[in-house]
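Quick look at input-v4.cif (mmCIF, C-alpha atoms):
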```cif
data_coords
loop_
_atom_site.label_atom_id
_atom_site.label_comp_id
_atom_site.auth_asym_id
_atom_site.auth_seq_id
_atom_site.Cartn_x
_atom_site.Cartn_y
_atom_site.Cartn_z
CA MET O 1 5.28 16.52 -25.80
CA GLU O 2 2.55 16.93 -23.18
CA GLN O 3 3.17 14.81 -20.10
CA HIS O 4 0.13 12.95 -18.75
CA THR O 5 -0.16 11.75 -15.15
CA ASP O 6 -3.72 10.44 -15.19
CA ILE O 7 -4.67 6.88 -14.23
CA GLY O 8 -6.97 4.85 -16.47
CA ILE O 9 -8.92 1.65 -15.84
CA ILE O 10 -10.03 -0.25 -18.92
CA GLY O 11 -12.94 -2.37 -17.78
CA GLY O 12 -13.67 0.05 -14.96
CA ASN O 13 -17.35 -0.85 -14.88
CA GLY O 14 -16.67 -4.52 -14.13
CA ALA O 15 -16.53 -6.10 -10.69
CA LEU O 16 -12.78 -5.82 -10.12
CA GLY O 17 -12.22 -2.64 -12.15
CA SER O 18 -14.91 -0.72 -10.30
CA ALA O 19 -13.80 -2.10 -6.92
CA LEU O 20 -10.25 -0.88 -7.56
CA ALA O 21 -11.56 2.47 -8.77
CA ARG O 22 -13.61 2.91 -5.61
CA ALA O 23 -10.59 1.98 -3.49
CA LEU O 24 -8.42 4.58 -5.25
CA LEU O 25 -11.06 7.26 -4.83
CA ARG O 26 -12.07 6.32 -1.29
CA THR O 27 -8.48 6.54 -0.06
CA ASP O 28 -7.75 9.64 -2.15
CA THR O 29 -4.89 7.76 -3.80
CA VAL O 30 -6.17 9.21 -7.07
CA GLY O 31 -8.41 12.26 -7.31
CA ALA O 32 -11.58 11.99 -9.39
CA GLY O 33 -10.25 14.47 -11.92
CA ARG O 34 -7.22 12.26 -12.62
CA LEU O 35 -9.14 9.01 -13.04
CA TRP O 36 -10.30 7.72 -16.42
CA VAL O 37 -12.60 4.74 -16.82
CA SER O 38 -13.49 3.03 -20.07
CA CYS O 39 -16.24 0.47 -20.56
CA ARG O 40 -18.49 -0.65 -23.39
CA SER O 41 -21.50 1.29 -22.09
CA GLY O 42 -19.58 4.54 -21.62
CA ALA O 43 -21.23 4.87 -18.19
CA ALA O 44 -20.00 3.95 -14.70
CA PRO O 45 -22.97 4.07 -12.28
CA ALA O 46 -20.96 2.30 -9.56
CA LEU O 47 -18.72 5.40 -9.38
CA ALA O 48 -21.51 7.97 -9.33
CA ASP O 49 -20.52 9.17 -5.85
CA TRP O 50 -17.37 10.72 -7.30
CA PRO O 51 -18.22 13.43 -9.85
CA GLY O 52 -15.41 14.53 -12.11
CA ILE O 53 -14.30 11.06 -13.27
CA HIS O 54 -13.68 10.81 -16.99
CA VAL O 55 -15.81 8.00 -18.41
CA THR O 56 -15.55 6.85 -22.02
CA ASP O 57 -16.33 3.92 -24.30
CA ASP O 58 -13.12 4.57 -26.26
CA ASN O 59 -10.15 2.59 -24.94
CA GLN O 60 -7.72 4.42 -27.19
CA ALA O 61 -8.89 7.81 -25.93
CA LEU O 62 -8.13 6.64 -22.39
CA ALA O 63 -4.74 5.26 -23.46
CA GLU O 64 -3.76 8.59 -24.96
CA ARG O 65 -4.53 10.47 -21.74
CA CYS O 66 -3.12 8.15 -19.08
CA ALA O 67 0.42 7.45 -17.92
CA THR O 68 -0.73 4.32 -16.08
CA ILE O 69 -3.38 1.99 -17.46
CA VAL O 70 -5.02 -0.77 -15.41
CA LEU O 71 -6.42 -3.62 -17.50
CA ALA O 72 -9.44 -5.10 -15.72
CA ILE O 73 -11.18 -6.70 -18.68
CA PRO O 74 -12.13 -10.39 -18.97
CA PRO O 75 -9.29 -12.43 -20.48
CA VAL O 76 -11.49 -13.33 -23.47
CA ALA O 77 -11.61 -9.62 -24.35
CA MET O 78 -7.85 -9.46 -24.89
CA ASP O 79 -8.10 -10.32 -28.57
CA GLY O 80 -10.18 -7.22 -29.24
CA LEU O 81 -8.20 -4.80 -27.08
CA ALA O 82 -5.53 -3.55 -29.51
CA ILE O 83 -4.62 -0.16 -28.05
CA ALA O 84 -1.48 1.85 -28.76
CA ALA O 85 0.06 2.97 -25.46
CA PRO O 86 3.82 3.14 -26.10
CA ASP O 87 4.52 5.58 -23.27
CA ALA O 88 2.33 3.93 -20.64
CA LEU O 89 2.84 1.60 -17.73
CA VAL O 90 0.19 -1.13 -18.03
CA ILE O 91 -0.90 -2.96 -14.88
CA SER O 92 -2.98 -6.04 -15.61
CA VAL O 93 -5.33 -7.55 -13.04
CA MET O 94 -6.58 -10.12 -15.54
CA ALA O 95 -6.33 -13.81 -14.81
CA GLY O 96 -4.16 -15.53 -17.37
CA PRO O 97 -2.67 -13.32 -20.10
CA THR O 98 1.11 -13.12 -19.84
CA ALA O 99 3.15 -9.92 -19.75
CA GLU O 100 4.46 -10.72 -23.23
CA ARG O 101 0.94 -11.03 -24.63
CA ILE O 102 -0.19 -7.84 -22.89
CA ALA O 103 2.82 -5.93 -24.22
CA GLY O 104 2.00 -7.13 -27.71
CA ALA O 105 -1.63 -5.98 -27.44
CA THR O 106 -0.83 -2.56 -25.99
CA GLY O 107 2.69 -1.63 -27.10
CA ALA O 108 3.30 -0.53 -23.50
CA ARG O 109 6.81 0.43 -22.42
CA ALA O 110 6.39 -1.74 -19.28
CA VAL O 111 3.89 -4.31 -18.00
CA ILE O 112 3.12 -5.31 -14.43
CA ARG O 113 0.85 -8.25 -13.68
CA ALA O 114 -1.20 -8.27 -10.49
CA MET O 115 -4.23 -9.94 -8.97
CA SER O 116 -6.87 -8.83 -6.48
CA SER O 117 -10.37 -9.66 -5.25
CA PRO O 118 -13.40 -7.41 -5.84
CA PRO O 119 -15.22 -8.07 -2.52
CA ALA O 120 -12.00 -7.72 -0.52
CA ALA O 121 -10.98 -4.57 -2.42
CA ASP O 122 -14.31 -2.95 -1.58
CA LEU O 123 -13.63 -3.62 2.10
CA GLY O 124 -10.01 -2.47 1.92
CA LEU O 125 -9.00 -6.03 2.82
CA ALA O 126 -7.57 -7.33 -0.45
CA PHE O 127 -4.21 -8.98 -0.87
CA SER O 128 -3.03 -7.85 -4.30
CA PRO O 129 0.44 -9.21 -5.19
CA PHE O 130 2.22 -8.06 -8.35
CA TRP O 131 5.10 -9.01 -10.63
CA ALA O 132 7.01 -6.41 -12.63
CA GLY O 133 8.00 -7.39 -16.15
CA PRO O 134 11.18 -6.46 -18.03
CA GLY O 135 11.56 -2.72 -18.45
CA ALA O 136 9.56 -1.81 -15.35
CA SER O 137 11.46 0.79 -13.35
CA ALA O 138 11.67 1.28 -9.62
CA GLY O 139 9.17 4.12 -10.08
CA ASP O 140 6.79 1.79 -11.93
CA ARG O 141 6.98 -0.67 -9.05
CA GLU O 142 6.18 2.07 -6.56
CA THR O 143 3.23 3.19 -8.71
CA ALA O 144 1.85 -0.36 -8.74
CA ARG O 145 2.44 -0.71 -5.01
CA ALA O 146 0.61 2.54 -4.25
CA LEU O 147 -2.38 1.76 -6.46
CA LEU O 148 -2.82 -1.78 -5.17
CA ALA O 149 -2.28 -0.77 -1.53
CA ALA O 150 -5.40 1.40 -1.78
CA ALA O 151 -7.38 -1.86 -1.73
CA GLY O 152 -5.51 -3.51 1.15
CA GLU O 153 -2.12 -5.24 1.33
CA THR O 154 0.30 -5.86 -1.53
CA ALA O 155 3.69 -7.50 -2.11
CA GLU O 156 6.04 -7.90 -5.06
CA LEU O 157 6.56 -11.39 -6.46
CA ASP O 158 9.84 -12.48 -8.03
CA ARG O 159 8.42 -14.77 -10.76
CA GLU O 160 5.62 -14.30 -13.25
CA ASP O 161 4.22 -17.80 -12.71
CA GLN O 162 3.59 -16.82 -9.09
CA VAL O 163 0.87 -14.48 -10.39
CA ASP O 164 -1.04 -17.54 -11.63
CA LEU O 165 -0.53 -19.18 -8.24
CA PHE O 166 -1.97 -16.16 -6.46
CA THR O 167 -4.76 -15.89 -9.01
CA ALA O 168 -5.76 -19.30 -7.68
CA ILE O 169 -5.46 -18.14 -4.08
CA THR O 170 -6.63 -14.54 -4.12
CA GLY O 171 -9.78 -15.20 -6.12
CA PRO O 172 -11.01 -18.68 -5.12
CA VAL O 173 -10.09 -18.81 -1.42
CA PRO O 174 -13.01 -16.62 -0.25
CA GLY O 175 -15.26 -18.98 -2.20
CA VAL O 176 -13.55 -22.01 -0.65
CA LEU O 177 -14.07 -20.57 2.82
CA ALA O 178 -17.69 -19.78 1.95
CA ALA O 179 -18.10 -23.47 1.09
CA VAL O 180 -16.66 -24.38 4.50
CA ALA O 181 -19.03 -21.92 6.18
CA GLU O 182 -21.98 -23.42 4.31
CA ALA O 183 -20.94 -26.91 5.44
CA ILE O 184 -20.80 -25.74 9.07
CA ARG O 185 -24.17 -24.03 8.83
CA ALA O 186 -25.71 -27.10 7.20
CA HIS O 187 -24.22 -29.33 9.91
CA ALA O 188 -25.84 -27.19 12.61
CA GLY O 189 -29.13 -27.33 10.73
CA ARG O 190 -29.05 -31.12 10.50
CA HIS O 191 -28.76 -31.21 14.28
CA GLY O 192 -31.90 -29.12 14.73
CA THR O 193 -30.49 -25.59 14.98
CA PRO O 194 -32.92 -22.99 13.60
CA PRO O 195 -31.60 -21.56 10.30
CA ASP O 196 -31.30 -17.98 11.60
CA ILE O 197 -29.23 -19.06 14.60
CA ALA O 198 -27.03 -21.34 12.47
CA ALA O 199 -26.38 -18.48 10.05
CA LEU O 200 -25.64 -15.98 12.84
CA ALA O 201 -23.27 -18.37 14.59
CA THR O 202 -21.40 -19.17 11.37
CA ARG O 203 -20.94 -15.51 10.45
CA GLN O 204 -19.71 -14.61 13.92
CA LEU O 205 -17.32 -17.55 14.10
CA PHE O 206 -15.79 -16.68 10.73
CA ARG O 207 -15.50 -13.01 11.73
CA ALA O 208 -13.62 -14.04 14.89
CA SER O 209 -11.45 -16.54 13.00
CA GLY O 210 -10.49 -13.90 10.45
CA ALA O 211 -9.48 -11.49 13.20
CA ILE O 212 -7.41 -14.17 14.94
CA MET O 213 -5.58 -15.18 11.77
CA ALA O 214 -5.01 -11.53 10.79
CA ASP O 215 -2.88 -11.04 13.90
CA PRO O 216 0.78 -11.48 12.86
CA GLN O 217 1.44 -13.08 16.25
CA ASN O 218 -0.87 -16.00 15.38
CA ASP O 219 0.99 -18.27 12.99
CA PRO O 220 -1.56 -20.80 11.65
CA ALA O 221 0.66 -23.84 12.21
CA ASP O 222 1.50 -22.72 15.76
CA TYR O 223 -2.17 -22.05 16.50
CA VAL O 224 -3.17 -25.52 15.30
CA ALA O 225 -0.40 -27.12 17.37
CA GLU O 226 -1.44 -25.17 20.45
CA MET O 227 -5.08 -26.23 20.09
CA ILE O 228 -4.10 -29.88 19.63
CA ALA O 229 -1.82 -29.74 22.68
CA TYR O 230 -4.74 -28.40 24.75
CA ALA O 231 -6.49 -31.74 24.03
CA GLY O 232 -10.01 -30.35 24.14
CA THR O 233 -12.89 -30.27 21.68
CA THR O 234 -10.87 -28.27 19.13
CA ALA O 235 -8.13 -30.90 19.24
CA ALA O 236 -10.65 -33.63 18.52
CA ALA O 237 -11.86 -31.75 15.44
CA LEU O 238 -8.37 -30.91 14.21
CA GLU O 239 -7.01 -34.42 14.64
CA THR O 240 -9.94 -35.77 12.62
CA LEU O 241 -9.25 -33.23 9.87
CA ARG O 242 -5.56 -34.14 9.85
CA ARG O 243 -6.42 -37.81 9.33
CA GLY O 244 -8.68 -36.90 6.43
CA PRO O 245 -8.00 -35.51 2.95
CA LEU O 246 -8.59 -31.81 3.77
CA ALA O 247 -5.10 -30.49 2.97
CA GLU O 248 -4.85 -32.56 -0.21
CA ALA O 249 -8.34 -31.51 -1.34
CA ILE O 250 -7.54 -27.81 -0.84
CA ALA O 251 -4.23 -28.15 -2.70
CA GLU O 252 -5.98 -29.98 -5.55
CA ALA O 253 -8.65 -27.27 -5.76
CA LEU O 254 -6.08 -24.45 -5.85
CA ASP O 255 -3.97 -26.29 -8.43
CA ALA O 256 -7.08 -26.60 -10.61
CA ALA O 257 -7.71 -22.86 -10.28
CA ALA O 258 -4.09 -22.07 -11.21
CA ALA O 259 -4.30 -24.37 -14.24
CA LYS O 260 -7.46 -22.58 -15.33
CA ALA O 261 -5.68 -19.24 -15.01
CA ARG O 262 -2.86 -20.46 -17.24
CA ASP O 263 -5.34 -21.80 -19.78
CA MET O 264 -7.11 -18.43 -19.87
CA GLY O 265 -3.80 -16.82 -20.79
#
```

Show the structure stored in the file as structure tokens.
Amino acid sequence: MEQHTDIGIIGGNGALGSALARALLRTDTVGAGRLWVSCRSGAAPALADWPGIHVTDDNQALAERCATIVLAIPPVAMDGLAIAAPDALVISVMAGPTAERIAGATGARAVIRAMSSPPAADLGLAFSPFWAGPGASAGDRETARALLAAAGETAELDREDQVDLFTAITGPVPGVLAAVAEAIRAHAGRHGTPPDIAALATRQLFRASGAIMADPQNDPADYVAEMIAYAGTTAAALETLRRGPLAEAIAEALDAAAAKARDMG
């Protein structure tokens, strides 16, 4: 039997599918000639910079050519998927559907569930954790690790329900932080700051904050404690936040997102 080594992305014209495809191609993790993309239109304009990609509207044709298949379709499209891929490793980046359901829809020999973020993947800054289902080999885990690492950082989880947890964190948190940024910008505006200056200041402050928190030496809890101990303006802000419902509100929001992920499955 002919052995295939190609990588396929079903839903490769969507936000996350195309972001992962661009990450794979940009980092040369997968060459254009080894990448298959399927989508309803049969066209992938977002990948036009990489000639040689195989683009199709036939999911089964992709499944028959690829040793590894990434499912990046909306969860509601699962019912109509129905591909036969008995020799393939399937990596799902869908929110919700369980490994058991995915295995039933694809017949795959092994299923790995993962999650990522389209904007972060395009910047090479995603955190894309994964969980390997029963039957996944050490080689399958390394394949998943290599593909997801093209978009940023990755780590293996030890429980499937943790994928739903990180679905709630990986996807919504940039939106949550955007809401915080909007609140800061609006606060500056209410105090008479011109909109362009308020926007510039907010962007720069979040860029600096991201860089500070990205440093492994800066543990968030230690950083907060240090700022409070300094007893300056930052301490005044942090102590007010600690007296308020911020932590509980964030936890409630992320729990709601995780519940939605489970419902979508």

Might you pull out every residue within 10 Å of Thr167 in chain O, with all atoms listed in the file counted and same-chain residues fewer than 3 positions away left off, and present them as a PyMOL selection string? chain O and resi 93-96+114-117+128-129+161-164+170-173+254+257-262

Next, dump the selected residues to file, keeping only C-alpha atoms, as a short mmCIF file (atom, residue, chain, number, x, y, z; two decimals), in the frame of the given file.
```cif
data_model
loop_
_atom_site.label_atom_id
_atom_site.label_comp_id
_atom_site.auth_asym_id
_atom_site.auth_seq_id
_atom_site.Cartn_x
_atom_site.Cartn_y
_atom_site.Cartn_z
CA VAL O 93 -5.33 -7.55 -13.04
CA MET O 94 -6.58 -10.12 -15.54
CA ALA O 95 -6.33 -13.81 -14.81
CA GLY O 96 -4.16 -15.53 -17.37
CA ALA O 114 -1.20 -8.27 -10.49
CA MET O 115 -4.23 -9.94 -8.97
CA SER O 116 -6.87 -8.83 -6.48
CA SER O 117 -10.37 -9.66 -5.25
CA SER O 128 -3.03 -7.85 -4.30
CA PRO O 129 0.44 -9.21 -5.19
CA ASP O 161 4.22 -17.80 -12.71
CA GLN O 162 3.59 -16.82 -9.09
CA VAL O 163 0.87 -14.48 -10.39
CA ASP O 164 -1.04 -17.54 -11.63
CA THR O 170 -6.63 -14.54 -4.12
CA GLY O 171 -9.78 -15.20 -6.12
CA PRO O 172 -11.01 -18.68 -5.12
CA VAL O 173 -10.09 -18.81 -1.42
CA LEU O 254 -6.08 -24.45 -5.85
CA ALA O 257 -7.71 -22.86 -10.28
CA ALA O 258 -4.09 -22.07 -11.21
CA ALA O 259 -4.30 -24.37 -14.24
CA LYS O 260 -7.46 -22.58 -15.33
CA ALA O 261 -5.68 -19.24 -15.01
CA ARG O 262 -2.86 -20.46 -17.24
#
```

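Interatomic distance, CA of Ala151 in chain O against CA of Ala23 in chain O: 5.3 Å.
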
Mind telling me what the PyMOL selection byres ((chain O and resi 176-188) around 12) catches here, as a ChimeraX atom specification? /O:168-175,189-207,209-210,246,249-251,253-254,257

Resolved residues for the PyMOL selection byres ((chain O and resi 159) around 12) as a JSON list (two decimals) with C-alpha atoms, in the coordinates of the input:
```
[["chain", "number", "residue", "atom", "x", "y", "z"],
["O", 98, "THR", "CA", 1.11, -13.12, -19.84],
["O", 99, "ALA", "CA", 3.15, -9.92, -19.75],
["O", 112, "ILE", "CA", 3.12, -5.31, -14.43],
["O", 113, "ARG", "CA", 0.85, -8.25, -13.68],
["O", 114, "ALA", "CA", -1.20, -8.27, -10.49],
["O", 129, "PRO", "CA", 0.44, -9.21, -5.19],
["O", 130, "PHE", "CA", 2.22, -8.06, -8.35],
["O", 131, "TRP", "CA", 5.10, -9.01, -10.63],
["O", 132, "ALA", "CA", 7.01, -6.41, -12.63],
["O", 133, "GLY", "CA", 8.00, -7.39, -16.15],
["O", 134, "PRO", "CA", 11.18, -6.46, -18.03],
["O", 156, "GLU", "CA", 6.04, -7.90, -5.06],
["O", 157, "LEU", "CA", 6.56, -11.39, -6.46],
["O", 158, "ASP", "CA", 9.84, -12.48, -8.03],
["O", 160, "GLU", "CA", 5.62, -14.30, -13.25],
["O", 161, "ASP", "CA", 4.22, -17.80, -12.71],
["O", 162, "GLN", "CA", 3.59, -16.82, -9.09],
["O", 163, "VAL", "CA", 0.87, -14.48, -10.39],
["O", 164, "ASP", "CA", -1.04, -17.54, -11.63],
["O", 165, "LEU", "CA", -0.53, -19.18, -8.24],
["O", 166, "PHE", "CA", -1.97, -16.16, -6.46]]
```

What gap, in Å, lies between CA of Ala211 in chain O and CA of Ala256 in chain O?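 Rounded to one decimal, the two atoms are 28.3 Å apart.
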
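Across the model, the gap from CA of Ile9 in chain O to CA of Asp57 in chain O is 11.5 Å.
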
Using all atoms listed in the file for the distances, tell me which of O:Ala67, O:Val90, O:Ala126, O:Leu35 is nearest to Val111 in chain O.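 Residue with the minimum atom-to-atom distance to Val111 in chain O: O:Val90.
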
Sphere at (-9.4, -4.1, -0.8), radius 7 Å, counting all atoms listed in the file: residues as a list of chain:residue names: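 Residues with an atom at most 7 Å from (-9.4, -4.1, -0.8): O:Ala23, O:Ala120, O:Ala121, O:Asp122, O:Leu123, O:Gly124, O:Leu125, O:Ala126, O:Ala150, O:Ala151, O:Gly152.
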
Which residues are close to Ala32 in chain O, i.e. within 12 Å by only C-alpha atoms, leaving aside same-chain residues fewer than 4 positions away? Reply as a VMD selection string. chain O and resid 6 to 8 21 to 28 36 to 37 47 to 55

Could you work out an axis-aligned box for range 47-54 of chain O, taking every atom the file lists and adding 3 Å on each side, and report centre and edge lengths in Å to one decimal, as JSON?
```
{"center_x": -17.6, "center_y": 10.0, "center_z": -11.4, "size_x": 13.8, "size_y": 15.1, "size_z": 17.1}
```

Closest of O:Ala108, O:Leu148, O:Met213, O:Ile69 to Gly12 in chain O - atom-to-atom distances counting only C-alpha atoms: O:Ile69

Could you expand the PyMOL selection byres ((chain O and resi 104) around 12) into the explicit residues it covers here, written as a PyMOL selection string? chain O and resi 78-79+81-86+90+97-103+105-111

Could you save those same residues with C-alpha atoms as a compact mmCIF listing (two decimals), in the frame of the given file?
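Saved as selection31.txt:
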```
# COMPACT_ATOMS: atom_id res chain seq x y z
CA MET O 78 -7.85 -9.46 -24.89
CA ASP O 79 -8.10 -10.32 -28.57
CA LEU O 81 -8.20 -4.80 -27.08
CA ALA O 82 -5.53 -3.55 -29.51
CA ILE O 83 -4.62 -0.16 -28.05
CA ALA O 84 -1.48 1.85 -28.76
CA ALA O 85 0.06 2.97 -25.46
CA PRO O 86 3.82 3.14 -26.10
CA VAL O 90 0.19 -1.13 -18.03
CA PRO O 97 -2.67 -13.32 -20.10
CA THR O 98 1.11 -13.12 -19.84
CA ALA O 99 3.15 -9.92 -19.75
CA GLU O 100 4.46 -10.72 -23.23
CA ARG O 101 0.94 -11.03 -24.63
CA ILE O 102 -0.19 -7.84 -22.89
CA ALA O 103 2.82 -5.93 -24.22
CA ALA O 105 -1.63 -5.98 -27.44
CA THR O 106 -0.83 -2.56 -25.99
CA GLY O 107 2.69 -1.63 -27.10
CA ALA O 108 3.30 -0.53 -23.50
CA ARG O 109 6.81 0.43 -22.42
CA ALA O 110 6.39 -1.74 -19.28
CA VAL O 111 3.89 -4.31 -18.00
```

Please extract range 214-241 of chain O and write it out with N, CA and C atoms, as a CSV table (one decimal), in the first residue's frame.
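Saved file part-v8.csv follows:
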```csv
chain,number,residue,atom,x,y,z
O,214,ALA,N,5.6,37.9,29.7
O,214,ALA,CA,6.2,36.8,28.9
O,214,ALA,C,7.6,36.4,29.5
O,215,ASP,N,8.2,37.2,30.3
O,215,ASP,CA,9.5,36.9,30.9
O,215,ASP,C,9.3,35.8,32.0
O,216,PRO,N,9.9,34.6,31.8
O,216,PRO,CA,9.7,33.6,32.8
O,216,PRO,C,10.1,34.0,34.2
O,217,GLN,N,10.9,35.0,34.3
O,217,GLN,CA,11.4,35.5,35.7
O,217,GLN,C,10.3,36.3,36.4
O,218,ASN,N,9.3,36.7,35.6
O,218,ASN,CA,8.2,37.5,36.2
O,218,ASN,C,7.0,36.7,36.5
O,219,ASP,N,6.9,36.1,37.7
O,219,ASP,CA,5.7,35.4,38.1
O,219,ASP,C,4.6,36.4,38.4
O,220,PRO,N,3.4,36.2,37.8
O,220,PRO,CA,2.4,37.3,38.0
O,220,PRO,C,2.1,37.5,39.5
O,221,ALA,N,2.0,36.5,40.3
O,221,ALA,CA,1.7,36.7,41.8
O,221,ALA,C,2.8,37.5,42.4
O,222,ASP,N,4.1,37.1,42.1
O,222,ASP,CA,5.2,37.8,42.7
O,222,ASP,C,5.3,39.3,42.3
O,223,TYR,N,4.9,39.5,41.0
O,223,TYR,CA,5.0,40.9,40.5
O,223,TYR,C,3.9,41.7,41.2
O,224,VAL,N,2.7,41.2,41.3
O,224,VAL,CA,1.7,41.9,42.1
O,224,VAL,C,2.1,42.2,43.5
O,225,ALA,N,2.7,41.2,44.2
O,225,ALA,CA,3.1,41.4,45.5
O,225,ALA,C,4.2,42.5,45.6
O,226,GLU,N,5.1,42.5,44.7
O,226,GLU,CA,6.2,43.5,44.7
O,226,GLU,C,5.6,44.9,44.5
O,227,MET,N,4.7,45.0,43.6
O,227,MET,CA,4.1,46.3,43.3
O,227,MET,C,3.3,46.8,44.5
O,228,ILE,N,2.6,45.9,45.2
O,228,ILE,CA,1.9,46.3,46.4
O,228,ILE,C,2.8,46.7,47.5
O,229,ALA,N,3.9,46.0,47.7
O,229,ALA,CA,4.9,46.3,48.7
O,229,ALA,C,5.6,47.7,48.5
O,230,TYR,N,5.7,48.1,47.2
O,230,TYR,CA,6.3,49.4,46.9
O,230,TYR,C,5.4,50.5,47.4
O,231,ALA,N,4.1,50.3,47.5
O,231,ALA,CA,3.2,51.2,48.1
O,231,ALA,C,3.0,52.5,47.3
O,232,GLY,N,3.1,52.4,46.0
O,232,GLY,CA,2.9,53.6,45.2
O,232,GLY,C,1.6,53.6,44.5
O,233,THR,N,1.5,54.3,43.3
O,233,THR,CA,0.2,54.4,42.6
O,233,THR,C,-0.3,53.0,42.1
O,234,THR,N,0.7,52.1,41.7
O,234,THR,CA,0.3,50.8,41.3
O,234,THR,C,-0.4,50.0,42.4
O,235,ALA,N,0.2,50.2,43.6
O,235,ALA,CA,-0.3,49.5,44.8
O,235,ALA,C,-1.8,50.0,45.1
O,236,ALA,N,-2.0,51.2,45.0
O,236,ALA,CA,-3.4,51.8,45.2
O,236,ALA,C,-4.4,51.1,44.2
O,237,ALA,N,-4.0,51.0,43.0
O,237,ALA,CA,-4.9,50.4,42.0
O,237,ALA,C,-5.1,48.9,42.3
O,238,LEU,N,-4.0,48.2,42.6
O,238,LEU,CA,-4.1,46.8,42.8
O,238,LEU,C,-4.9,46.4,44.1
O,239,GLU,N,-4.7,47.2,45.1
O,239,GLU,CA,-5.5,46.9,46.3
O,239,GLU,C,-6.9,47.2,46.1
O,240,THR,N,-7.3,48.2,45.3
O,240,THR,CA,-8.7,48.4,45.0
O,240,THR,C,-9.3,47.2,44.2
O,241,LEU,N,-8.5,46.7,43.2
O,241,LEU,CA,-8.9,45.6,42.4
O,241,LEU,C,-9.1,44.3,43.3
```
